[in-house]
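Below is one structure, written out as structure tokens; comments come after it.
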Amino acid sequence: MKSDDMKIDKRHLRTIRTREKLLVAAREVFLENDFQTTTISQIIKRAGVGYGTAYVHFEGKDELLIVLMEDVMDRFHQVAEQPFEPGTAEEAKKQIEQQATAFLRLAEQEREMLRIVEQAIGVSYIIRAKWKQIRERFIERISRDVRYAQGSGLARSDLNPTLVARGWFFANEMYLFEVVREETTASIEEIAKTLTAVYTTGLYEHD
């Protein structure tokens, strides 16, 4: 390896490490305080990097939270992206309930970070816009599943797939944040079962 290449590799590695230090520090400070009271200065100090170096990577705490939020939501997307090719309406209902359960279980597991996200959605236009993008990605994925079920003759074809998907996602989103805030006494399984029954009865059962 040439000397110049080695310099580039070392510089790239330092860049990755600095970015990771800032993200680790941001998560720690957000969880110790909250979104509103956390400052970028606190994060930079915790990370132990220079101000100039830090601002090369992130312009502020909003950008740091977006990366942390994307990491968390990628786990939710893995649930949503599971193959959906049911052969019967009953198979579809079973898989939908399993996904809803997994979705809410993740909300429980990521409760601390999602509390910060919810706070930020309420006060930051940048975070709110990012959450809207995340939401639309879920809705598009659900829409594809609805269209598959309609094309297979399992679901009602007279319903708009996007509207169906939006309704399903918003119901899950509401309960996600109720789980995060610990505002519900119902179990994850009961919530998922009830949500799925209401959703699939209208979509999959014919007169």
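Labeling convention for the structure tokens: chains A, B, ... as they appear, residues from 1 per chain, ligands from 1 in order of appearance.
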Cut-off 8 Å: closest region 9-39 of chain A/region 56-78 of chain A atom pairs per residue, using only C-alpha atoms, as CSV:
```
residue,atom,partner,partner_atom,distance
A:Arg19,CA,A:His57,CA,6.5
A:Leu22,CA,A:Leu64,CA,7.9
A:Leu23,CA,A:Leu64,CA,6.4
A:Ala26,CA,A:Leu64,CA,6.8
A:Arg27,CA,A:Leu68,CA,7.4
A:Thr38,CA,A:Lys61,CA,7.9
A:Thr39,CA,A:Lys61,CA,6.8
```
> Nearest to Glu112 (chain A): which of A:Glu28, A:Glu20, A:Glu189, A:Glu140 is it, counting only C-alpha atoms?
Replying inline: A:Glu28
> Pick the closest to Ala197 (chain A) from A:Trp168, A:Leu31, A:Ser157, A:Ile134: which is it, counting only C-alpha atoms?
Replying inline: A:Trp168
> What separation in Å, quoted to one decimal, exists between CA of Trp131 (chain A) and CA of Ile188 (chain A)?
Replying inline: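 Computing the Euclidean distance for CA of Trp131 (chain A) and CA of Ile188 (chain A) yields 23.1 Å.
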> Which residues, written as a list in words, have at least one atom at most 8 Å from region 143-155 of chain A, with only C-alpha atoms counted and residues fewer than 4 positions away on the same chain left out?
Replying inline: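 What passes the distance filter is Phe84, Glu85, Pro86, Thr88, Ala89, Ile139, Pro161, Thr162, Val164, Ala165, Leu203, Tyr204 and Glu205 of chain A.
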>> When you count only C-alpha atoms, which of these residues is closest to Asp158 (chain A): A:Gly202, A:Ile96, A:Thr53, A:Asn33?
In response: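 Counting only C-alpha atoms, the residue closest to Asp158 (chain A) is A:Gly202.
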>> If I take CA of Gln119 (chain A) and CA of Lys45 (chain A), how far is one from the other in Å, to one decimal?
In response: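 Pair CA of Gln119 (chain A) / CA of Lys45 (chain A) returns 22.9 Å.
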